[in-house]
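One file, query.tsv, is given below (TSV, C-alpha atoms and all ligand atoms).
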chain	number	residue	atom	x	y	z
P	1	ASN	CA	-40.35	-3.58	-15.62
P	2	PRO	CA	-38.06	-2.18	-12.89
P	3	ALA	CA	-39.46	-2.50	-9.38
P	4	ILE	CA	-41.13	0.60	-8.07
P	5	THR	CA	-41.17	1.83	-4.48
P	6	LEU	CA	-44.34	3.36	-3.10
P	7	SER	CA	-44.68	5.53	-0.05
P	8	LEU	CA	-48.09	4.96	1.56
P	9	ARG	CA	-49.89	7.34	3.90
P	10	LEU	CA	-53.24	6.84	5.60
P	11	ILE	CA	-54.98	10.15	6.33
P	12	PRO	CA	-58.27	10.56	8.27
P	13	TYR	CA	-60.75	12.15	5.83
P	14	SER	CA	-64.09	12.26	7.61
P	15	GLU	CA	-65.70	10.44	10.52
P	16	ASN	CA	-65.72	7.02	8.84
P	17	LEU	CA	-63.56	7.57	5.81
P	18	TRP	CA	-59.79	7.29	5.45
P	19	LEU	CA	-57.75	8.34	2.49
P	20	LEU	CA	-54.89	6.12	1.30
P	21	VAL	CA	-52.31	8.19	-0.57
P	22	ALA	CA	-49.71	6.28	-2.57
P	23	ARG	CA	-46.72	8.13	-3.96
P	24	ASP	CA	-44.15	6.67	-6.33
P	25	VAL	CA	-40.78	7.48	-4.70
P	26	SER	CA	-38.66	5.23	-6.96
P	27	ARG	CA	-37.09	8.16	-8.80
P	28	LEU	CA	-36.33	9.92	-5.52
P	29	LEU	CA	-34.56	6.84	-4.15
P	30	GLN	CA	-32.69	6.42	-7.43
P	31	LEU	CA	-31.44	10.05	-7.28
P	32	GLU	CA	-30.41	9.60	-3.64
P	33	GLN	CA	-28.43	6.51	-4.64
P	34	MET	CA	-26.76	8.45	-7.48
P	35	ARG	CA	-25.79	11.21	-5.05
P	36	ARG	CA	-24.25	8.66	-2.67
P	37	ASP	CA	-22.36	6.89	-5.45
P	38	PHE	CA	-21.07	10.20	-6.78
P	39	VAL	CA	-19.72	11.31	-3.38
P	40	ALA	CA	-18.17	7.89	-2.79
P	41	ASN	CA	-16.50	7.82	-6.24
P	42	VAL	CA	-15.14	11.36	-6.02
P	43	SER	CA	-13.75	10.72	-2.54
P	44	HIS	CA	-12.16	7.51	-3.70
P	45	GLU	CA	-10.56	9.18	-6.75
P	46	LEU	CA	-9.14	11.98	-4.57
P	47	ARG	CA	-7.39	9.57	-2.27
P	48	THR	CA	-4.46	8.65	-4.51
P	49	PRO	CA	-3.42	12.15	-5.66
P	50	LEU	CA	-3.69	13.32	-2.06
P	51	THR	CA	-1.46	10.53	-0.82
P	52	VAL	CA	1.15	11.50	-3.43
P	53	VAL	CA	1.05	15.22	-2.54
P	54	HIS	CA	1.17	14.39	1.15
P	55	GLY	CA	4.08	12.01	0.65
P	56	TYR	CA	6.22	14.49	-1.32
P	57	LEU	CA	5.44	17.28	1.15
P	58	ASP	CA	6.74	15.10	3.94
P	59	LEU	CA	10.02	14.67	2.05
P	60	LEU	CA	10.69	18.42	1.96
P	61	ASP	CA	12.81	19.25	4.99
P	62	PRO	CA	12.01	22.74	6.34
P	63	GLU	CA	15.55	22.93	7.81
P	64	GLU	CA	17.01	22.69	4.31
P	65	HIS	CA	14.67	25.41	3.06
P	66	PRO	CA	14.26	27.81	6.01
P	67	ASP	CA	12.53	30.44	3.81
P	68	TRP	CA	9.83	27.95	2.92
P	69	ALA	CA	9.23	26.64	6.44
P	70	PRO	CA	5.99	28.57	7.16
P	71	MET	CA	4.57	27.74	3.71
P	72	LEU	CA	5.53	24.08	4.03
P	73	ALA	CA	3.88	23.87	7.44
P	74	GLU	CA	0.68	25.41	6.08
P	75	MET	CA	0.67	23.13	3.02
P	76	GLN	CA	1.12	20.12	5.27
P	77	ARG	CA	-1.70	21.28	7.54
P	78	GLN	CA	-4.08	21.81	4.62
P	79	SER	CA	-3.23	18.54	2.90
P	80	GLN	CA	-3.81	16.74	6.21
P	81	ARG	CA	-7.17	18.48	6.49
P	82	MET	CA	-8.14	17.43	2.97
P	83	THR	CA	-7.09	13.84	3.69
P	84	GLN	CA	-9.29	13.84	6.81
P	85	LEU	CA	-12.20	15.25	4.80
P	86	VAL	CA	-11.88	12.52	2.16
P	87	GLU	CA	-11.62	9.83	4.86
P	88	ASP	CA	-14.74	11.20	6.62
P	89	LEU	CA	-16.68	11.33	3.33
P	90	LEU	CA	-15.74	7.70	2.63
P	91	THR	CA	-16.75	6.67	6.16
P	92	LEU	CA	-20.09	8.42	5.75
P	93	SER	CA	-20.76	6.81	2.34
P	94	ARG	CA	-19.95	3.42	3.78
P	95	LEU	CA	-22.26	3.97	6.78
P	96	GLU	CA	-25.08	5.29	4.55
P	97	SER	CA	-24.99	2.23	2.33
P	98	GLN	CA	-25.44	-0.15	5.29
P	99	ASP	CA	-28.82	-1.10	6.73
P	100	SER	CA	-27.28	-3.08	9.53
P	101	LEU	CA	-23.89	-3.82	11.05
P	102	PRO	CA	-21.96	-6.40	9.01
P	103	ALA	CA	-20.48	-8.03	12.12
P	104	GLU	CA	-21.19	-7.65	15.79
P	105	GLU	CA	-18.97	-8.30	18.76
P	106	ILE	CA	-18.60	-7.46	22.43
P	107	VAL	CA	-17.31	-3.94	22.86
P	108	ALA	CA	-15.24	-3.92	26.05
P	109	MET	CA	-16.17	-0.59	27.57
P	110	ALA	CA	-13.45	-0.39	30.24
P	111	SER	CA	-10.78	-0.35	27.56
P	112	MET	CA	-12.90	1.83	25.23
P	113	LEU	CA	-13.22	4.45	27.99
P	114	SER	CA	-9.53	4.46	28.84
P	115	THR	CA	-8.67	4.78	25.13
P	116	LEU	CA	-11.03	7.76	24.87
P	117	LYS	CA	-9.47	9.36	27.93
P	118	ARG	CA	-5.99	8.87	26.51
P	119	GLU	CA	-7.04	10.40	23.19
P	120	ALA	CA	-8.68	13.33	24.99
P	121	ASN	CA	-5.46	14.03	26.91
P	122	ALA	CA	-3.42	13.88	23.72
P	123	LEU	CA	-5.75	16.33	21.94
P	124	SER	CA	-6.04	18.69	24.89
P	125	GLN	CA	-2.31	18.77	25.63
P	126	GLY	CA	-2.97	19.80	29.20
P	127	ARG	CA	-5.33	22.65	28.36
P	128	HIS	CA	-8.40	20.98	29.89
P	129	GLU	CA	-9.28	18.88	32.85
P	130	ILE	CA	-10.36	15.43	31.61
P	131	ALA	CA	-12.48	13.22	33.85
P	132	MET	CA	-13.86	9.74	33.23
P	133	ASP	CA	-16.51	7.78	35.14
P	134	ASP	CA	-17.22	4.14	34.40
P	135	LEU	CA	-20.44	3.63	36.37
P	136	ALA	CA	-22.43	1.27	34.16
P	137	GLY	CA	-20.25	-1.79	34.72
P	138	VAL	CA	-21.53	-3.34	31.48
P	139	ASP	CA	-20.25	-3.74	27.95
P	140	LEU	CA	-21.95	-2.99	24.66
P	141	PHE	CA	-22.65	-5.27	21.73
P	142	GLY	CA	-22.01	-3.93	18.25
P	143	SER	CA	-19.08	-2.68	16.23
P	144	ASN	CA	-15.93	-1.72	18.14
P	145	LYS	CA	-14.54	0.26	15.26
P	146	GLU	CA	-17.69	2.27	14.47
P	147	LEU	CA	-18.52	2.99	18.11
P	148	HIS	CA	-14.97	4.11	18.74
P	149	SER	CA	-15.17	6.49	15.79
P	150	ALA	CA	-18.50	7.92	17.06
P	151	PHE	CA	-17.34	8.39	20.64
P	152	SER	CA	-14.00	9.87	19.66
P	153	ASN	CA	-15.76	12.36	17.38
P	154	LEU	CA	-17.77	13.53	20.41
P	155	VAL	CA	-14.65	13.76	22.56
P	156	SER	CA	-12.71	15.69	19.93
P	157	ASN	CA	-15.64	18.12	19.49
P	158	ALA	CA	-15.83	18.65	23.26
P	159	ILE	CA	-12.15	19.59	23.31
P	160	ARG	CA	-12.26	21.75	20.19
P	161	TYR	CA	-15.30	23.72	21.36
P	162	THR	CA	-14.15	24.24	24.96
P	163	PRO	CA	-11.69	27.01	25.76
P	164	ALA	CA	-8.53	26.25	27.75
P	165	GLY	CA	-9.18	25.77	31.45
P	166	GLY	CA	-12.51	23.98	30.83
P	167	THR	CA	-13.55	20.48	31.84
P	168	ILE	CA	-14.45	17.48	29.70
P	169	ARG	CA	-16.17	14.53	31.34
P	170	ILE	CA	-16.68	11.14	29.70
P	171	ARG	CA	-19.30	9.20	31.63
P	172	PHE	CA	-20.76	5.74	31.07
P	173	ARG	CA	-23.75	5.14	33.32
P	174	PRO	CA	-26.74	2.80	33.66
P	175	GLU	CA	-30.18	4.04	32.70
P	176	SER	CA	-33.57	2.53	33.34
P	177	ALA	CA	-36.46	2.89	30.96
P	178	GLY	CA	-39.37	1.15	32.69
P	179	ILE	CA	-38.11	-2.20	33.89
P	180	ALA	CA	-35.46	-2.49	31.17
P	181	ARG	CA	-31.97	-1.25	31.91
P	182	GLY	CA	-29.97	0.39	29.20
P	183	ALA	CA	-26.79	2.45	29.36
P	184	VAL	CA	-25.75	5.94	28.32
P	185	LEU	CA	-22.38	7.22	27.21
P	186	GLU	CA	-22.17	10.96	27.83
P	187	VAL	CA	-19.57	13.48	26.80
P	188	VAL	CA	-20.03	16.60	28.89
P	189	ASP	CA	-18.08	19.79	28.26
P	190	SER	CA	-17.98	23.23	29.85
P	191	GLY	CA	-17.45	24.91	26.47
P	192	TYR	CA	-19.08	27.48	24.18
P	193	GLY	CA	-22.42	25.66	23.98
P	194	ILE	CA	-24.82	25.61	21.02
P	195	PRO	CA	-27.75	28.03	20.60
P	196	ALA	CA	-31.08	26.12	20.79
P	197	ALA	CA	-32.08	27.24	17.26
P	198	HIS	CA	-29.19	25.25	15.76
P	199	LEU	CA	-29.80	21.98	17.61
P	200	PRO	CA	-32.37	20.44	15.22
P	201	ARG	CA	-29.93	20.65	12.28
P	202	ILE	CA	-26.62	20.09	14.05
P	203	THR	CA	-26.17	16.47	12.83
P	204	GLU	CA	-26.62	17.36	9.15
P	205	ARG	CA	-23.56	17.05	6.91
P	206	PHE	CA	-21.45	20.22	6.93
P	207	TYR	CA	-23.87	22.04	9.22
P	208	ARG	CA	-21.96	24.39	11.50
P	209	VAL	CA	-22.96	26.91	14.15
P	210	SER	CA	-20.13	29.32	13.46
P	211	THR	CA	-18.24	28.69	10.25
P	212	SER	CA	-15.16	30.60	11.31
P	213	ARG	CA	-14.82	28.95	14.72
P	214	SER	CA	-15.42	25.49	13.26
P	215	ARG	CA	-12.84	26.05	10.48
P	216	GLU	CA	-10.26	27.22	12.99
P	217	SER	CA	-11.04	24.21	15.16
P	218	GLY	CA	-9.92	21.98	12.28
P	219	GLY	CA	-13.01	19.77	11.90
P	220	THR	CA	-14.49	18.52	8.64
P	221	GLY	CA	-18.16	19.28	9.41
P	222	LEU	CA	-19.00	15.57	9.12
P	223	GLY	CA	-18.32	14.38	12.67
P	224	LEU	CA	-21.84	14.53	14.05
P	225	SER	CA	-23.34	12.97	10.88
P	226	ILE	CA	-20.99	10.04	11.38
P	227	VAL	CA	-22.01	9.82	15.07
P	228	LYS	CA	-25.69	9.78	14.16
P	229	HIS	CA	-25.29	7.08	11.51
P	230	VAL	CA	-23.23	4.85	13.80
P	231	LEU	CA	-25.79	5.20	16.59
P	232	ASN	CA	-28.67	4.44	14.18
P	233	LEU	CA	-26.93	1.22	13.16
P	234	HIS	CA	-26.90	0.32	16.88
P	235	GLN	CA	-30.56	1.36	17.36
P	236	ALA	CA	-29.17	3.93	19.79
P	237	ARG	CA	-30.29	7.54	20.18
P	238	LEU	CA	-28.26	10.75	20.34
P	239	GLU	CA	-29.54	13.40	22.72
P	240	ILE	CA	-27.98	16.85	22.91
P	241	ALA	CA	-28.44	19.34	25.72
P	242	SER	CA	-26.60	22.62	25.54
P	243	GLU	CA	-26.50	26.08	27.02
P	244	VAL	CA	-24.59	28.93	25.41
P	245	GLY	CA	-21.59	29.92	27.50
P	246	ARG	CA	-22.02	26.96	29.87
P	247	GLY	CA	-21.40	23.87	27.79
P	248	SER	CA	-22.95	20.86	26.11
P	249	THR	CA	-23.83	17.25	26.85
P	250	PHE	CA	-23.92	14.69	24.05
P	251	ALA	CA	-25.61	11.52	25.29
P	252	CYS	CA	-25.68	8.20	23.41
P	253	HIS	CA	-28.54	6.05	24.73
P	254	PHE	CA	-28.24	2.29	24.23
P	255	GLY	CA	-31.20	-0.04	24.70
P	256	ILE	CA	-31.18	-3.29	26.66
P	257	ASP	CA	-30.54	-5.34	23.48
P	258	ARG	CA	-27.12	-3.71	23.16
P	259	ILE	CA	-26.05	-4.38	26.76
P	260	ARG	CA	-23.87	-7.31	27.82
P	261	ARG	CA	-22.99	-8.12	31.41
P	262	ARG	CA	-19.25	-7.84	31.92
P	263	ASP	CA	-18.92	-10.88	34.18
P	264	ALA	CA	-21.15	-13.12	32.04
P	265	TYR	CA	-18.57	-13.85	29.37
P	266	GLN	CA	-15.56	-13.19	31.59
P	267	ASP	CA	-16.80	-16.16	33.69
P	268	ALA	CA	-17.00	-18.24	30.54
P	269	PHE	CA	-13.27	-17.74	29.94
P	270	ALA	CA	-12.31	-18.16	33.62
P	271	ASP	CA	-11.59	-21.87	33.47
P	301	LIG	P1	-17.04	20.05	12.88
P	301	LIG	O1	-16.02	19.30	12.14
P	301	LIG	O2	-17.37	21.39	12.29
P	301	LIG	O3	-16.77	20.11	14.34
P	301	LIG	P2	-19.32	18.32	13.56
P	301	LIG	O4	-20.31	17.63	12.68
P	301	LIG	O5	-18.53	17.48	14.48
P	301	LIG	O6	-18.38	19.18	12.61
P	301	LIG	O7	-20.10	19.40	14.40
P	301	LIG	C1	-21.00	20.29	13.75
P	301	LIG	C2	-21.05	21.62	14.46
P	301	LIG	O8	-21.65	21.47	15.75
P	301	LIG	C3	-19.68	22.23	14.75
P	301	LIG	O9	-19.21	22.98	13.65
P	301	LIG	C4	-19.97	23.11	15.96
P	301	LIG	O10	-20.51	24.35	15.52
P	301	LIG	C5	-21.08	22.35	16.69
P	301	LIG	N1	-20.57	21.53	17.82
P	301	LIG	C6	-20.30	20.21	17.81
P	301	LIG	N2	-19.89	19.77	19.02
P	301	LIG	C7	-19.92	20.84	19.83
P	301	LIG	C8	-19.62	21.06	21.24
P	301	LIG	N3	-19.22	20.06	22.04
P	301	LIG	N4	-19.78	22.32	21.72
P	301	LIG	C9	-20.19	23.32	20.92
P	301	LIG	N5	-20.49	23.18	19.61
P	301	LIG	C10	-20.37	21.97	19.07

Turn this file's structure into structure tokens for me.
Amino acid sequence: NPAITLSLRLIPYSENLWLLVARDVSRLLQLEQMRRDFVANVSHELRTPLTVVHGYLDLLDPEEHPDWAPMLAEMQRQSQRMTQLVEDLLTLSRLESQDSLPAEEIVAMASMLSTLKREANALSQGRHEIAMDDLAGVDLFGSNKELHSAFSNLVSNAIRYTPAGGTIRIRFRPESAGIARGAVLEVVDSGYGIPAAHLPRITERFYRVSTSRSRESGGTGLGLSIVKHVLNLHQARLEIASEVGRGSTFACHFGIDRIRRRDAYQDAFAD
């Protein structure tokens, strides 16, 4: 007999009676697993043909075929977009199949923040003012690679949804919750903002506020789902505050368990 999974709910029925409702969700979980496997397999199968198309496109020199130059540029742009989509789908499948981080390490935040700032400048190409504040003075504990992918998704969104002349601020600051001290990484932009009605669904796969603007901006529609999964794996919380026409703040809240004192292990290596 295959194992079955039950979902149990306790519901108050009358003053001294409770109702225990058990529902067999095995089939539901099985279908969810099939959906994940399907997406992962399709993405994986698309990788090779895409690499080939991409590779041959790169070999075509627009200077040798001046009539084709605009078409070649567009084909390159679209094949790059498809490659990014496949990579994001694979990342998401991988994150979805994990219950916890496979390996954990110290995530040096000073270098993480300067990398993010450098990436922001490269994406913005001088169209925005980029500011960075490192106020927390602590490091995180988790996965360097996954956290970098989450934070850089937030930074790239901030740039893509902020018109030229706007400001993007990356801020890492301490936060107290009761006596415990955590830390928050915030990406604040002065961009288009998100209408409140969209906020509850914004981290769903392929959910977009304005399809045309998001397509033009070149995203895959998977960025915020990736962010949410990475934060979940770190028991961290994503909080979004936004005002249309004024901008948005994406805040990643990390609990005390994820915080490491910078000097603690630096001292250990000192001698
Ligand atoms: P996309 O690739 O479309 O940017 P995301 O999952 O990263 O996908 O974001 C989902 C949607 O949320 C975007 O299409 C956009 O409508 C909205 N969004 C995300 N970040 C911002 C931001 N900083 N300012 C305004 N809207 C945003």

*asked:* Just to confirm, what's the straight-line distance from atom CA of P:Gly221 to atom O8 of ligand LIG 301 (chain P) in Å (one decimal)?
replied: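 Here the two named atoms are 7.6 Å from each other.
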
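Take the candidates P:Ile240, P:Val209, P:Val227, P:Leu20 and check each one against ligand LIG 301 (chain P) using all atoms listed in the file; the shortest distance goes to P:Val209.
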
Find the residues near stretch 173-175 of chain P: any atom within 7 Å, counting all atoms listed in the file, skip ones fewer than 5 places away on the same chain, and give them as a compact mmCIF listing (two decimals) with C-alpha atoms, in the frame of the given file.
# COMPACT_ATOMS: atom_id res chain seq x y z
CA ASP P 134 -17.22 4.14 34.40
CA LEU P 135 -20.44 3.63 36.37
CA ALA P 136 -22.43 1.27 34.16
CA ARG P 181 -31.97 -1.25 31.91
CA GLY P 182 -29.97 0.39 29.20
CA ALA P 183 -26.79 2.45 29.36
CA VAL P 184 -25.75 5.94 28.32
CA LEU P 185 -22.38 7.22 27.21

_What does the list of residues within 7 Å of ligand LIG 301 (chain P) look like if you count only C-alpha atoms and all ligand atoms, written as JSON, numbers by chain?_
{"P": [153, 154, 157, 158, 161, 162, 189, 191, 192, 193, 194, 202, 203, 205, 206, 207, 208, 209, 210, 211, 214, 215, 218, 219, 220, 221, 222, 223, 224, 225, 247, 248]}

Emit the selected residues as a compact mmCIF listing (two decimals), keeping the file's coordinate frame, including C-alpha atoms.
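Listed below is the output, out.txt:
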# COMPACT_ATOMS: atom_id res chain seq x y z
CA ASN P 153 -15.76 12.36 17.38
CA LEU P 154 -17.77 13.53 20.41
CA ASN P 157 -15.64 18.12 19.49
CA ALA P 158 -15.83 18.65 23.26
CA TYR P 161 -15.30 23.72 21.36
CA THR P 162 -14.15 24.24 24.96
CA ASP P 189 -18.08 19.79 28.26
CA GLY P 191 -17.45 24.91 26.47
CA TYR P 192 -19.08 27.48 24.18
CA GLY P 193 -22.42 25.66 23.98
CA ILE P 194 -24.82 25.61 21.02
CA ILE P 202 -26.62 20.09 14.05
CA THR P 203 -26.17 16.47 12.83
CA ARG P 205 -23.56 17.05 6.91
CA PHE P 206 -21.45 20.22 6.93
CA TYR P 207 -23.87 22.04 9.22
CA ARG P 208 -21.96 24.39 11.50
CA VAL P 209 -22.96 26.91 14.15
CA SER P 210 -20.13 29.32 13.46
CA THR P 211 -18.24 28.69 10.25
CA SER P 214 -15.42 25.49 13.26
CA ARG P 215 -12.84 26.05 10.48
CA GLY P 218 -9.92 21.98 12.28
CA GLY P 219 -13.01 19.77 11.90
CA THR P 220 -14.49 18.52 8.64
CA GLY P 221 -18.16 19.28 9.41
CA LEU P 222 -19.00 15.57 9.12
CA GLY P 223 -18.32 14.38 12.67
CA LEU P 224 -21.84 14.53 14.05
CA SER P 225 -23.34 12.97 10.88
CA GLY P 247 -21.40 23.87 27.79
CA SER P 248 -22.95 20.86 26.11

*Of the candidates P:Gln30, P:Thr83, P:Pro102, P:Met75, which one gets nearest to P:Pro49 if we count only C-alpha atoms?*
P:Thr83

_Applying 12 Å and all atoms listed in the file, which residues near P:Arg262 remain after dropping the ones on its own chain fewer than 6 positions away? List them as a ChimeraX atom specification._
/P:106-110,136-141,268-269

_So that I can check the surroundings of P:Thr48, please list as a PyMOL selection string every protein, DNA and RNA residue that reaches within 12 Å of it, counting all atoms listed in the file and ignoring chain neighbours fewer than 6 positions away._
chain P and resi 42+54-55+83+86-87

*Pick from P:His198, P:Arg81, P:Lys117, P:Arg35: nearest to P:Asp133, with all atoms listed in the file counted?*
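Closest to P:Asp133, using all atoms listed in the file: P:Lys117.
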
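Remark: for P:Thr51, the closest of the candidate residues P:Asp37, P:Glu63, P:Ser143, P:Gln80 is P:Gln80 (distances computed over all atoms listed in the file).
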
Completed stretch 68-90 of chain P (N, CA and C atoms) as a PDB file, keeping the file's coordinate frame:
ATOM      1  N   TRP P  68      11.112  28.574   3.264  1.00  0.00           N
ATOM      2  CA  TRP P  68       9.830  27.950   2.920  1.00  0.00           C
ATOM      3  C   TRP P  68       9.095  27.397   4.147  1.00  0.00           C
ATOM      4  N   ALA P  69       9.781  27.369   5.283  1.00  0.00           N
ATOM      5  CA  ALA P  69       9.230  26.640   6.440  1.00  0.00           C
ATOM      6  C   ALA P  69       7.771  26.982   6.747  1.00  0.00           C
ATOM      7  N   PRO P  70       7.394  28.281   6.830  1.00  0.00           N
ATOM      8  CA  PRO P  70       5.990  28.570   7.160  1.00  0.00           C
ATOM      9  C   PRO P  70       5.027  28.069   6.085  1.00  0.00           C
ATOM     10  N   MET P  71       5.454  28.183   4.801  1.00  0.00           N
ATOM     11  CA  MET P  71       4.570  27.740   3.710  1.00  0.00           C
ATOM     12  C   MET P  71       4.439  26.214   3.727  1.00  0.00           C
ATOM     13  N   LEU P  72       5.577  25.549   3.972  1.00  0.00           N
ATOM     14  CA  LEU P  72       5.530  24.080   4.030  1.00  0.00           C
ATOM     15  C   LEU P  72       4.605  23.605   5.147  1.00  0.00           C
ATOM     16  N   ALA P  73       4.711  24.273   6.295  1.00  0.00           N
ATOM     17  CA  ALA P  73       3.880  23.870   7.440  1.00  0.00           C
ATOM     18  C   ALA P  73       2.410  24.047   7.088  1.00  0.00           C
ATOM     19  N   GLU P  74       2.074  25.154   6.434  1.00  0.00           N
ATOM     20  CA  GLU P  74       0.680  25.410   6.080  1.00  0.00           C
ATOM     21  C   GLU P  74       0.178  24.398   5.033  1.00  0.00           C
ATOM     22  N   MET P  75       1.068  24.103   4.035  1.00  0.00           N
ATOM     23  CA  MET P  75       0.670  23.130   3.020  1.00  0.00           C
ATOM     24  C   MET P  75       0.437  21.753   3.637  1.00  0.00           C
ATOM     25  N   GLN P  76       1.278  21.410   4.610  1.00  0.00           N
ATOM     26  CA  GLN P  76       1.120  20.120   5.270  1.00  0.00           C
ATOM     27  C   GLN P  76      -0.199  20.082   6.054  1.00  0.00           C
ATOM     28  N   ARG P  77      -0.474  21.199   6.736  1.00  0.00           N
ATOM     29  CA  ARG P  77      -1.700  21.280   7.540  1.00  0.00           C
ATOM     30  C   ARG P  77      -2.933  21.134   6.633  1.00  0.00           C
ATOM     31  N   GLN P  78      -2.913  21.836   5.512  1.00  0.00           N
ATOM     32  CA  GLN P  78      -4.080  21.810   4.620  1.00  0.00           C
ATOM     33  C   GLN P  78      -4.227  20.458   3.927  1.00  0.00           C
ATOM     34  N   SER P  79      -3.095  19.829   3.582  1.00  0.00           N
ATOM     35  CA  SER P  79      -3.230  18.540   2.900  1.00  0.00           C
ATOM     36  C   SER P  79      -3.704  17.478   3.894  1.00  0.00           C
ATOM     37  N   GLN P  80      -3.318  17.661   5.174  1.00  0.00           N
ATOM     38  CA  GLN P  80      -3.810  16.740   6.210  1.00  0.00           C
ATOM     39  C   GLN P  80      -5.328  16.921   6.381  1.00  0.00           C
ATOM     40  N   ARG P  81      -5.751  18.182   6.311  1.00  0.00           N
ATOM     41  CA  ARG P  81      -7.170  18.480   6.490  1.00  0.00           C
ATOM     42  C   ARG P  81      -7.987  17.867   5.345  1.00  0.00           C
ATOM     43  N   MET P  82      -7.445  17.968   4.128  1.00  0.00           N
ATOM     44  CA  MET P  82      -8.140  17.430   2.970  1.00  0.00           C
ATOM     45  C   MET P  82      -8.199  15.902   3.066  1.00  0.00           C
ATOM     46  N   THR P  83      -7.101  15.292   3.528  1.00  0.00           N
ATOM     47  CA  THR P  83      -7.090  13.840   3.690  1.00  0.00           C
ATOM     48  C   THR P  83      -8.179  13.418   4.686  1.00  0.00           C
ATOM     49  N   GLN P  84      -8.280  14.157   5.791  1.00  0.00           N
ATOM     50  CA  GLN P  84      -9.290  13.840   6.810  1.00  0.00           C
ATOM     51  C   GLN P  84     -10.699  13.978   6.229  1.00  0.00           C
ATOM     52  N   LEU P  85     -10.895  15.015   5.417  1.00  0.00           N
ATOM     53  CA  LEU P  85     -12.200  15.250   4.800  1.00  0.00           C
ATOM     54  C   LEU P  85     -12.586  14.069   3.899  1.00  0.00           C
ATOM     55  N   VAL P  86     -11.624  13.644   3.070  1.00  0.00           N
ATOM     56  CA  VAL P  86     -11.880  12.520   2.160  1.00  0.00           C
ATOM     57  C   VAL P  86     -12.169  11.245   2.958  1.00  0.00           C
ATOM     58  N   GLU P  87     -11.397  11.023   4.036  1.00  0.00           N
ATOM     59  CA  GLU P  87     -11.620   9.830   4.860  1.00  0.00           C
ATOM     60  C   GLU P  87     -13.022   9.879   5.487  1.00  0.00           C
ATOM     61  N   ASP P  88     -13.413  11.060   5.992  1.00  0.00           N
ATOM     62  CA  ASP P  88     -14.740  11.200   6.620  1.00  0.00           C
ATOM     63  C   ASP P  88     -15.858  10.998   5.595  1.00  0.00           C
ATOM     64  N   LEU P  89     -15.661  11.512   4.376  1.00  0.00           N
ATOM     65  CA  LEU P  89     -16.680  11.330   3.330  1.00  0.00           C
ATOM     66  C   LEU P  89     -16.828   9.852   2.996  1.00  0.00           C
ATOM     67  N   LEU P  90     -15.696   9.137   2.923  1.00  0.00           N
ATOM     68  CA  LEU P  90     -15.740   7.700   2.630  1.00  0.00           C
ATOM     69  C   LEU P  90     -16.423   6.938   3.764  1.00  0.00           C
TER      70      LEU P  90
END
